[in-house]
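start.txt, holding compact mmCIF, C-alpha atoms and all ligand atoms:
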# COMPACT_ATOMS: atom_id res chain seq x y z
CA MET A 1 106.45 87.23 142.92
CA PHE A 2 108.70 86.81 139.93
CA TYR A 3 108.62 84.28 137.13
CA GLU A 4 110.72 83.43 134.13
CA THR A 5 108.64 83.40 130.98
CA GLN A 6 110.67 80.65 129.34
CA VAL A 7 109.84 78.37 132.27
CA ASN A 8 106.43 79.98 132.86
CA ASP A 9 106.72 79.17 136.57
CA HIS A 10 104.21 81.80 137.74
CA GLY A 11 102.19 79.18 139.62
CA LEU A 12 98.95 81.03 138.86
CA GLU A 13 95.88 79.41 137.34
CA HIS A 14 96.10 81.69 134.28
CA ASP A 15 99.12 83.33 132.66
CA PRO A 16 99.07 86.97 133.89
CA PHE A 17 101.03 88.42 130.94
CA LYS A 18 98.07 89.84 129.00
CA ALA A 19 96.59 91.37 132.17
CA LEU A 20 99.87 93.23 132.70
CA VAL A 21 100.22 94.69 129.20
CA ALA A 22 96.78 96.24 129.35
CA PRO A 23 94.58 97.73 128.17
CA ARG A 24 95.27 96.88 124.55
CA PRO A 25 93.28 98.60 121.80
CA ILE A 26 91.25 96.35 119.55
CA GLY A 27 91.82 96.41 115.81
CA TRP A 28 88.65 95.07 114.26
CA VAL A 29 90.27 93.82 111.11
CA SER A 30 88.47 93.36 107.81
CA THR A 31 90.15 91.69 104.88
CA ALA A 32 89.08 90.14 101.58
CA SER A 33 90.13 86.81 100.13
CA ASP A 34 91.34 86.52 96.54
CA LYS A 35 87.77 85.33 95.76
CA ASN A 36 86.57 88.62 97.28
CA GLU A 37 85.01 86.94 100.35
CA VAL A 38 85.00 89.43 103.20
CA ASN A 39 86.42 88.47 106.60
CA LEU A 40 86.22 90.32 109.92
CA ALA A 41 87.89 89.52 113.27
CA PRO A 42 89.07 91.41 116.38
CA TYR A 43 92.78 91.57 117.20
CA SER A 44 94.04 93.04 120.48
CA PHE A 45 97.68 92.42 119.74
CA PHE A 46 97.18 95.63 117.81
CA ASN A 47 98.69 99.05 118.13
CA ALA A 48 100.11 102.06 116.35
CA VAL A 49 103.87 101.76 115.89
CA SER A 50 104.55 105.15 114.31
CA ASP A 51 102.58 108.25 113.40
CA SER A 52 104.71 109.63 110.57
CA PRO A 53 104.19 107.58 108.54
CA PRO A 54 101.12 106.32 110.38
CA MET A 55 101.63 102.60 110.78
CA VAL A 56 99.93 99.85 112.76
CA MET A 57 100.77 96.30 113.73
CA ILE A 58 98.63 93.25 114.35
CA SER A 59 99.90 89.97 115.70
CA SER A 60 98.30 86.67 114.81
CA ASN A 61 98.89 83.75 117.17
CA GLN A 62 98.63 81.17 114.40
CA ARG A 63 97.85 81.08 110.67
CA LYS A 64 94.37 82.58 110.46
CA ASP A 65 92.17 83.89 107.62
CA THR A 66 93.15 87.49 108.40
CA LEU A 67 96.86 86.75 107.96
CA ALA A 68 96.29 84.65 104.82
CA ASN A 69 94.11 87.36 103.25
CA ILE A 70 96.58 90.13 104.07
CA GLU A 71 99.45 88.12 102.62
CA ASN A 72 97.41 87.57 99.43
CA THR A 73 95.87 90.97 98.88
CA LYS A 74 98.26 93.24 100.89
CA GLU A 75 95.30 95.23 102.23
CA PHE A 76 93.29 95.45 105.47
CA VAL A 77 91.07 97.83 107.41
CA CYS A 78 91.10 98.30 111.19
CA SER A 79 87.74 99.59 112.44
CA LEU A 80 87.59 100.70 116.08
CA ALA A 81 85.59 98.58 118.51
CA THR A 82 83.16 100.37 120.83
CA TYR A 83 81.10 99.47 123.89
CA HIS A 84 77.96 99.84 121.79
CA LEU A 85 79.30 97.22 119.33
CA ARG A 86 80.88 94.89 121.93
CA ASP A 87 78.63 91.88 121.26
CA GLU A 88 79.09 92.16 117.50
CA MET A 89 82.85 92.48 117.99
CA ASN A 90 82.85 89.37 120.19
CA MET A 91 80.65 87.41 117.77
CA SER A 92 83.01 88.22 114.91
CA SER A 93 85.78 86.31 116.72
CA ALA A 94 83.89 83.01 116.27
CA THR A 95 85.87 80.45 114.29
CA VAL A 96 83.34 79.85 111.53
CA SER A 97 83.94 78.07 108.22
CA ASN A 98 85.80 79.68 105.39
CA GLY A 99 83.47 81.74 103.26
CA VAL A 100 81.09 82.70 106.12
CA SER A 101 81.19 86.48 106.44
CA GLU A 102 81.49 87.65 110.04
CA PHE A 103 79.63 90.80 108.96
CA ASP A 104 76.57 88.58 108.30
CA LEU A 105 77.19 86.43 111.39
CA SER A 106 77.40 89.52 113.63
CA LYS A 107 74.57 91.32 111.79
CA LEU A 108 76.86 94.23 111.03
CA LYS A 109 76.55 96.70 108.19
CA SER A 110 79.65 97.23 106.10
CA ALA A 111 80.62 100.41 104.30
CA GLN A 112 82.90 100.71 101.31
CA SER A 113 86.46 101.85 101.97
CA ARG A 114 87.99 104.54 99.76
CA LEU A 115 91.55 103.33 99.05
CA VAL A 116 91.48 99.59 99.73
CA ALA A 117 89.08 96.76 98.84
CA PRO A 118 88.02 95.43 102.29
CA PRO A 119 85.01 97.30 103.69
CA ARG A 120 84.92 98.93 107.13
CA VAL A 121 82.39 98.34 109.92
CA ALA A 122 79.79 100.98 109.03
CA ASP A 123 78.79 101.81 112.62
CA SER A 124 82.33 102.09 113.95
CA PRO A 125 83.33 105.70 114.70
CA ALA A 126 86.63 105.43 112.80
CA ALA A 127 88.53 103.07 110.54
CA LEU A 128 92.11 102.85 109.31
CA GLU A 129 92.62 101.74 105.71
CA CYS A 130 95.96 99.93 105.55
CA LYS A 131 98.42 98.53 103.05
CA LEU A 132 100.80 95.78 104.10
CA TRP A 133 104.46 96.63 104.65
CA LYS A 134 105.78 93.33 106.06
CA VAL A 135 104.85 90.16 107.86
CA ILE A 136 107.50 89.30 110.43
CA PRO A 137 107.53 85.73 111.79
CA ILE A 138 108.15 85.90 115.55
CA PRO A 139 110.94 83.60 116.74
CA LYS A 140 110.55 81.31 119.76
CA GLY A 141 112.82 83.31 122.06
CA PRO A 142 116.00 85.31 122.55
CA ASP A 143 118.15 82.20 122.04
CA ASP A 144 115.92 80.29 119.65
CA ASP A 145 115.53 81.58 116.10
CA ASN A 146 112.98 78.91 115.18
CA ALA A 147 109.61 80.39 114.26
CA SER A 148 106.89 80.43 116.92
CA HIS A 149 103.26 80.28 115.79
CA HIS A 150 103.00 84.08 115.94
CA SER A 151 103.40 86.53 113.07
CA MET A 152 103.49 90.30 113.27
CA ILE A 153 101.78 92.18 110.45
CA LEU A 154 102.94 95.74 109.88
CA GLY A 155 100.95 98.04 107.63
CA PHE A 156 100.92 101.65 106.50
CA VAL A 157 97.69 103.52 107.25
CA VAL A 158 96.89 105.05 103.87
CA GLY A 159 93.42 106.44 104.64
CA VAL A 160 91.45 107.30 107.77
CA PHE A 161 87.66 107.42 108.05
CA ILE A 162 86.23 109.39 110.99
CA ASP A 163 82.52 109.74 111.66
CA ASP A 164 82.14 113.53 111.94
CA LYS A 165 79.84 113.23 114.93
CA TYR A 166 82.84 112.24 117.07
CA LEU A 167 84.81 115.36 116.15
CA SER A 168 84.44 118.23 118.61
CA GLY A 169 86.53 121.40 118.50
CA GLY A 170 88.81 119.77 115.94
CA LEU A 171 89.59 116.83 118.26
CA PHE A 172 88.50 113.21 117.99
CA ASP A 173 86.45 112.51 121.12
CA THR A 174 87.68 109.04 122.10
CA ALA A 175 85.46 108.98 125.20
CA LYS A 176 82.32 109.93 123.28
CA ALA A 177 83.16 107.20 120.75
CA GLY A 178 83.20 104.74 123.70
CA LEU A 179 86.24 102.81 122.53
CA ILE A 180 86.84 99.53 124.30
CA ALA A 181 90.12 97.77 124.97
CA ARG A 182 91.21 94.32 126.02
CA MET A 183 92.66 93.50 129.41
CA GLY A 184 93.64 90.06 130.70
CA TYR A 185 91.47 86.95 130.84
CA MET A 186 88.01 87.86 129.42
CA ASP A 187 88.08 91.41 130.78
CA TYR A 188 87.63 94.60 128.81
CA CYS A 189 87.49 98.29 129.65
CA GLN A 190 85.80 101.26 128.07
CA VAL A 191 87.09 104.79 127.60
CA THR A 192 84.57 107.13 129.26
CA PRO A 193 84.58 110.87 130.10
CA GLU A 194 85.00 109.90 133.81
CA THR A 195 88.14 107.86 133.11
CA THR A 196 89.75 110.36 130.74
CA PHE A 197 92.23 113.00 131.93
CA SER A 198 94.86 115.27 130.37
CA LEU A 199 98.46 115.94 131.39
CA ASN A 200 100.53 118.76 129.94
CA ARG A 201 104.09 117.67 129.08
CA PRO A 202 106.73 119.04 131.50
CA VAL A 203 107.92 122.58 130.72
CA VAL A 204 111.73 122.59 130.57
CA SER A 205 113.52 125.64 132.01
CA GLU A 206 115.53 127.90 129.68
CA ASP A 207 118.87 126.50 130.82
CA GLY A 208 117.59 122.96 130.19
CA ARG A 209 118.52 121.85 133.72
CA ASP A 210 115.09 121.70 135.29
CA ALA A 211 111.48 121.08 134.37
CA SER A 212 108.12 121.85 135.93
CA LEU A 213 104.68 120.35 135.60
CA LYS A 214 101.88 122.53 134.27
CA PRO A 215 98.48 121.59 135.72
CA GLY A 216 95.74 120.63 133.23
CA PRO A 217 93.63 121.03 131.21
CA TRP A 218 95.78 120.59 128.07
CA ASP A 219 97.08 123.96 126.86
CA GLY A 220 97.05 122.76 123.25
CA LYS A 221 100.85 122.56 122.99
CA TYR A 222 102.98 119.53 122.12
CA ARG A 223 106.35 119.76 123.93
C1 LIG A 301 88.84 90.98 121.83
C2 LIG A 301 89.56 89.91 121.07
C3 LIG A 301 90.89 90.09 120.73
C4 LIG A 301 91.59 89.12 120.00
N1 LIG A 301 92.90 89.35 119.69
C5 LIG A 301 93.58 88.44 118.96
C6 LIG A 301 94.94 88.71 118.60
O1 LIG A 301 95.51 89.74 118.92
N2 LIG A 301 95.59 87.76 117.86
C7 LIG A 301 94.97 86.60 117.46
O2 LIG A 301 95.62 85.79 116.78
N3 LIG A 301 93.68 86.34 117.79
C8 LIG A 301 92.96 87.23 118.51
N4 LIG A 301 91.67 87.01 118.83
C9 LIG A 301 91.00 85.80 118.32
C10 LIG A 301 90.53 86.01 116.86
O3 LIG A 301 89.63 87.10 116.76
C11 LIG A 301 89.84 84.72 116.38
O4 LIG A 301 90.79 83.66 116.38
C12 LIG A 301 89.22 84.85 115.01
O5 LIG A 301 88.42 83.72 114.74
C13 LIG A 301 90.26 84.99 113.93
O6 LIG A 301 89.57 85.15 112.72
P1 LIG A 301 90.24 84.96 111.30
O7 LIG A 301 90.67 83.51 111.17
O8 LIG A 301 89.10 85.32 110.39
O9 LIG A 301 91.39 85.91 111.21
C14 LIG A 301 90.94 87.92 119.59
C15 LIG A 301 89.58 87.72 119.95
C16 LIG A 301 88.92 88.70 120.69
C17 LIG A 301 87.46 88.49 121.08
What is this structure when it is put down as structure tokens?
Ligand SMILES: Cc1cc2nc3c(=O)[nH]c(=O)nc-3n(C[C@H](O)[C@H](O)[C@H](O)COP(=O)(O)O)c2cc1C
Amino acid sequence: MFYETQVNDHGLEHDPFKALVAPRPIGWVSTASDKNEVNLAPYSFFNAVSDSPPMVMISSNQRKDTLANIENTKEFVCSLATYHLRDEMNMSSATVSNGVSEFDLSKLKSAQSRLVAPPRVADSPAALECKLWKVIPIPKGPDDDNASHHSMILGFVVGVFIDDKYLSGGLFDTAKAGLIARMGYMDYCQVTPETTFSLNRPVVSEDGRDASLKPGPWDGKYR
């Protein structure tokens, strides 16, 4: 099958787009309002966009508290969502009234961040403390500069919390942390030891005209 997104003529009951760009990591985003009310919500239009400087993006599909708070205070924290915390993560997506803390709603403990005001999710294995770079309004399409309802938030990661128990041999153990990610529809997946594998980057020959694959495990080299 093939469909044009501007016509959306896929003929399926549900739009398949989000099931195709999957899995997407979940940024569990905490922010604070200018009255210092703490807000928490999961965002799966979330990813790293560079590692030097470390930078992440979140995309909001309409004006939401997270976007408003980030625009006001220029700060946010992305805690990582895990299988163990899946129900709390889900609960924190509920559209509750302004001023209701999703930490309380989801019965989650918060922990103070070091470099920014919003707290992190205390039981999350890692959290990224971020400062806003830019909010980019997303236009309607390639030939339509009018703003859609979506905005992309780009932020510098200024501090990283890692729970030491997920560090082994100097590496962050993503599988042990049990990170979850969003697929299409209401589906999720979990990173487990069984579903994790390593690939060494191809080794390029001296004359630069050929390359070979080096079987795993990872030899510790970035090529
Ligand atoms: C796993 C998951 C991922 C989500 N990803 C997004 C997203 O990327 N963008 C978005 O606008 N809403 C997303 N949502 C919905 C928001 O979490 C929800 O609208 C929430 O109430 C927003 O809270 P806020 O108004 O406090 O920012 C997601 C919900 C879940 C459960």
Could you give me, as a PyMOL selection string, the residues within 12 Å of Ile180 in chain A, counting all atoms listed in the file and dropping anything in the same chain fewer than 3 positions from it? chain A and resi 22-28+42+44+79-87+89-90+124-125+174-177+183+187-192
Record the distance separating CA of Leu67 in chain A and CA of Pro53 in chain A, expressed in Å with one decimal.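 These two atoms are separated by 22.1 Å.
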Which residue gives the smallest distance to ligand LIG 301 (chain A) among A:Val29, A:Val7, A:Leu105, A:Ala127, with only C-alpha atoms and all ligand atoms counted?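 Checking each candidate against ligand LIG 301 (chain A), we get A:Val29 as the closest.
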Name all residues at most 9 Å from Ser198 in chain A (count all atoms listed in the file; drop same-chain ones fewer than 3 positions away) and give them as a list of chain:residue names.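 Neighbouring residues, sequence-local ones excluded: A:Gly216, A:Pro217, A:Trp218.
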Give the residues close to ligand LIG 301 (chain A), within 7 Å, counting all atoms listed in the file; write them as JSON, numbers by chain. {"A": [26, 39, 40, 41, 42, 43, 44, 45, 46, 58, 59, 60, 61, 62, 64, 65, 66, 67, 89, 90, 92, 93, 94, 95, 182]}
Considering only C-alpha atoms, return as a CSV table (one decimal) with C-alpha atoms, in the frame of the given file whatever protein or nucleic-acid residues lie within 12 Å of Lys221 in chain A, sequence-local ones (same chain, fewer than 6 positions apart) excluded.
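And here's around_34.csv as it stands now:
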chain,number,residue,atom,x,y,z
A,198,SER,CA,94.9,115.3,130.4
A,199,LEU,CA,98.5,115.9,131.4
A,200,ASN,CA,100.5,118.8,129.9
A,201,ARG,CA,104.1,117.7,129.1
A,202,PRO,CA,106.7,119.0,131.5
A,203,VAL,CA,107.9,122.6,130.7
A,214,LYS,CA,101.9,122.5,134.3
